[in-house]
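*Asks:* I'd like to ask you about the structure that follows.
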Amino acid sequence: MAKTNRKKGIIYVLIIFAIAILAFAGGYLLKISGAGDAAWQALKGRFGGESHSQEDEYNGEEDPGSEPGGSDEPGQPSDPVQEQPAADPPEQEDPQDEPGNEDPDPTPVIKVGQVLIIPVSGSGETAVSQVIYRGTVPSGKKQMALTFDSGWLFEDTLPLLDVLDRYGVTATFFPRGKWVDEHKELAKEIARRGHVIGNHSLEHKQFTQLSLEEVRYEMRESTRIIKEVTGVRPFMFRPPYGENYSQDILRLLAEEGYPYTIMWTIDTHDWAAEMNGQEVTADYLVNRVLDNATNGGIVLMHIGGAHTVEALPRIIEGLQQKGYTLTTVDKMLPPPPREGTTKHTVQKGETLWSISRKYGVTVEQIIEANNL
């Protein structure tokens, strides 16, 4: 009997031991299958009686330093091929900072026909002097300009100035450089009385028969003389004989600081004794001007014309009676560009961006030059 009981006890022990092994194995399988550390720790505590190590005490939360399902051994990688963290995206540059990405149609808005001052940067198109036959700037009133060329004669200078003073009229004078040099006091008097002084070349030669080097000398020497004598640096040029010029000469004039080549609307013929069989008298001059008066008109006369001083009072009074204000040529034109600049008339389809590319400057430079 005792032997039988002993066998039963052994069998019970083996059964319990087998159950314990199965339970322990099941808990381990739960552990490695990701069921969680909580179940594993419970089984260990129930069957193994082991104390928790610091590595296992995360209150059921996943080890922050390991991947799910990874090894519990410290210092060992959880996976032979670790996934590398994604690299930070490259820092993007501001597109507006890249050259060529400027706004192709920036504000302010420009209009067709608008004249812009363009700062010359040494590249792009070269400026040419603009040939002017009449005023181009609207003023809201009828206006005309009286102009006087001075070639060789000088005796009527003061009487002519006195007539202008009497009517409070300011005119535009175009003297030869050598005329100014030979009659310094008269040239100074013209400037002192507030009249505008242009340039009529040095010796009144035909520019089309000169080389470009000779034309440049004429312009530079006459400019120097006029500036030294009168204190005025002229920027308007009246060509001798009113000849038309090649683009090369007009480009040279612009390079020498003359953005405007001034022609005329009305030639009074005061330089001639007769014209087309008709004697040029004071009446001829008066009728010539009054019959052809137009808004923005430029009248050509001369110091020393045989009947100019005699006809001048009637010309002034007649124009004023027709409602004209008499002014100077420069006031009927856009302001002269500063040194180192040129001018551009806006064409259809153009923008500040396209114009800046054409001349090799920036949009900001154009905006600043024109106070846009």
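Residue numbers start at 1 in each chain; chains themselves are named A, B, ... in the order of the structure tokens; ligands are numbered from 1 in the order shown.
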Among stretch 84-322 of chain A, which residues carry a DSSP assignment of alpha helix (DSSP H), reported as a VMD selection string?
*Replies:* chain A and resid 157 to 167 177 to 182 184 to 192 212 to 230 247 to 255 282 to 291 308 to 321
*Asks:* What lies within 12 Å of A:Leu319 using only C-alpha atoms, ignoring chain neighbours under 2 positions off, as a VMD selection string?
*Replies:* chain A and resid 142 to 146 167 169 286 to 295 297 299 312 to 317 321 to 327
*Asks:* Each residue of stretch 238-342 of chain A lying at most 10 Å from stretch 153-163 of chain A should get a row with its shortest atom-to-atom pair and the distance in Å to one decimal, counting only C-alpha atoms; could you produce that, ordered by chain and increasing number, as a tab-separated table?
*Replies:*
```
residue	atom	partner	partner_atom	distance
A:His302	CA	A:Leu153	CA	9.0
A:Ile303	CA	A:Thr157	CA	6.1
A:Gly304	CA	A:Leu153	CA	5.1
A:Gly305	CA	A:Asp156	CA	8.4
A:Ala306	CA	A:Asp156	CA	9.4
A:Thr308	CA	A:Leu160	CA	8.1
A:Val309	CA	A:Leu160	CA	5.5
A:Glu310	CA	A:Leu160	CA	9.0
A:Leu312	CA	A:Val163	CA	7.4
A:Pro313	CA	A:Val163	CA	6.8
A:Ile316	CA	A:Val163	CA	9.6
```
*Asks:* Output C-alpha atoms of each residue in that selection to a file, as an mmCIF file, in the first residue's frame.
*Replies:*
```cif
data_model
loop_
_atom_site.group_PDB
_atom_site.id
_atom_site.type_symbol
_atom_site.label_atom_id
_atom_site.label_comp_id
_atom_site.auth_asym_id
_atom_site.auth_seq_id
_atom_site.Cartn_x
_atom_site.Cartn_y
_atom_site.Cartn_z
ATOM 1 C CA HIS A 302 19.037 134.907 -85.075
ATOM 2 C CA ILE A 303 21.028 137.536 -83.230
ATOM 3 C CA GLY A 304 21.865 139.987 -86.008
ATOM 4 C CA GLY A 305 18.861 139.277 -88.246
ATOM 5 C CA ALA A 306 18.170 142.422 -90.271
ATOM 6 C CA THR A 308 14.538 140.595 -85.910
ATOM 7 C CA VAL A 309 14.612 143.211 -83.164
ATOM 8 C CA GLU A 310 12.092 145.324 -85.084
ATOM 9 C CA LEU A 312 10.104 140.858 -82.094
ATOM 10 C CA PRO A 313 7.584 143.022 -80.136
ATOM 11 C CA ILE A 316 5.425 138.417 -78.860
#
```
*Asks:* So that I can see what lies close to stretch 221-237 of chain A, please list as a list in words the residues with an atom at most 8 Å from it, counting only C-alpha atoms and leaving out residues fewer than 3 positions away in the same chain.
*Replies:* Phe174, Arg176, Gly177, Lys178, Val180, Asp181, Lys184, Ala187, Lys188, Ala191, Ile197, Gly198, Asn199, His200, Ser201, Leu202, Tyr217, Glu218, Gly257, Tyr258, Pro259, Tyr260, Thr261, Ile262 and Pro336 of chain A
*Asks:* Once you have the residues from the selection above, write them out as a PDB file, in the first residue's frame, restricted to C-alpha atoms.
*Replies:*
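Resulting contents of out_26.pdb:
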```
ATOM      1  CA  PHE A 174      22.266 128.773 -79.179  1.00  0.00           C
ATOM      2  CA  ARG A 176      28.750 129.215 -81.297  1.00  0.00           C
ATOM      3  CA  GLY A 177      31.558 128.396 -78.916  1.00  0.00           C
ATOM      4  CA  LYS A 178      33.845 130.921 -80.573  1.00  0.00           C
ATOM      5  CA  VAL A 180      30.990 133.148 -76.709  1.00  0.00           C
ATOM      6  CA  ASP A 181      34.785 133.292 -76.526  1.00  0.00           C
ATOM      7  CA  LYS A 184      32.296 137.009 -73.270  1.00  0.00           C
ATOM      8  CA  ALA A 187      27.317 135.760 -73.315  1.00  0.00           C
ATOM      9  CA  LYS A 188      27.423 136.454 -69.591  1.00  0.00           C
ATOM     10  CA  ALA A 191      22.883 134.055 -68.791  1.00  0.00           C
ATOM     11  CA  ILE A 197      21.906 128.693 -73.235  1.00  0.00           C
ATOM     12  CA  GLY A 198      22.465 125.778 -75.606  1.00  0.00           C
ATOM     13  CA  ASN A 199      25.321 124.930 -77.977  1.00  0.00           C
ATOM     14  CA  HIS A 200      25.621 125.721 -81.698  1.00  0.00           C
ATOM     15  CA  SER A 201      28.992 123.992 -82.253  1.00  0.00           C
ATOM     16  CA  LEU A 202      32.423 125.597 -82.145  1.00  0.00           C
ATOM     17  CA  TYR A 217      36.482 118.128 -80.820  1.00  0.00           C
ATOM     18  CA  GLU A 218      33.875 120.703 -81.928  1.00  0.00           C
ATOM     19  CA  GLY A 257      26.196 115.045 -72.783  1.00  0.00           C
ATOM     20  CA  TYR A 258      23.650 116.322 -75.333  1.00  0.00           C
ATOM     21  CA  PRO A 259      20.479 114.221 -75.066  1.00  0.00           C
ATOM     22  CA  TYR A 260      18.558 116.716 -77.244  1.00  0.00           C
ATOM     23  CA  THR A 261      19.328 117.956 -80.759  1.00  0.00           C
ATOM     24  CA  ILE A 262      16.998 120.933 -81.212  1.00  0.00           C
ATOM     25  CA  PRO A 336      17.452 115.964 -69.103  1.00  0.00           C
TER      26      PRO A 336
END
```
*Asks:* Using only C-alpha atoms, which of the listed residues (A:Gln130, A:Ser150, A:Thr328, A:Gln114) sits closest to A:Lys348?
*Replies:*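 Of A:Gln130, A:Ser150, A:Thr328, A:Gln114, the one nearest A:Lys348 is A:Gln114, counting only C-alpha atoms.
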*Asks:* Could you pull out all residues of stretch 271-321 of chain A with a DSSP call of strand (DSSP E) and give them as a list of chain:residue names?
*Replies:*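 Selecting the strand (DSSP E) positions of stretch 271-321 of chain A gives A:Glu274, A:Met275, A:Gln278, A:Glu279, A:Gly297, A:Ile298, A:Val299, A:Leu300, A:Met301, A:His302.
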*Asks:* Restrict the selected residues to C-alpha atoms and save them as a PDB file, in the first residue's frame.
*Replies:*
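Result written to selection07.pdb:
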```pdb
ATOM      1  CA  GLU A 274      14.531 137.493 -99.627  1.00  0.00           C
ATOM      2  CA  MET A 275      12.813 134.144 -99.821  1.00  0.00           C
ATOM      3  CA  GLN A 278       9.688 137.849-101.576  1.00  0.00           C
ATOM      4  CA  GLU A 279      11.604 140.400 -99.553  1.00  0.00           C
ATOM      5  CA  GLY A 297       6.151 125.175 -81.561  1.00  0.00           C
ATOM      6  CA  ILE A 298       9.817 126.237 -81.665  1.00  0.00           C
ATOM      7  CA  VAL A 299      10.618 129.482 -83.519  1.00  0.00           C
ATOM      8  CA  LEU A 300      14.041 129.949 -85.156  1.00  0.00           C
ATOM      9  CA  MET A 301      15.524 133.474 -85.182  1.00  0.00           C
ATOM     10  CA  HIS A 302      19.037 134.907 -85.075  1.00  0.00           C
TER      11      HIS A 302
END
```
*Asks:* Compare A:Lys331, A:His344, A:Lys205, A:Arg134 by their minimum atom-to-atom distance to A:Thr172, counting only C-alpha atoms, and give me the closest one.
*Replies:* A:Lys331
*Asks:* Of the residues A:Thr341, A:Gln347, A:Glu368, A:Gly168, which is the one nearest to A:Ile118, using only C-alpha atoms?
*Replies:*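 Checking each candidate against A:Ile118, we get A:Thr341 as the closest.
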*Asks:* Please, what distance in Å, to one decimal, runs between atom CA of A:Asp330 and atom CA of A:Val346?
*Replies:*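 Computing it gives 21.0 Å between the two atoms.
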*Asks:* Rounded to one decimal place, report the atom CA of A:Ala127-atom CA of A:Ser354 distance in Å.
*Replies:*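 Value for the atom CA of A:Ala127-atom CA of A:Ser354 distance: 17.1 Å.
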*Asks:* Go ahead and compute the interatomic distance for atom CA of A:Gly277 and atom CA of A:Ala311, in Å to one decimal.
*Replies:* 20.1 Å
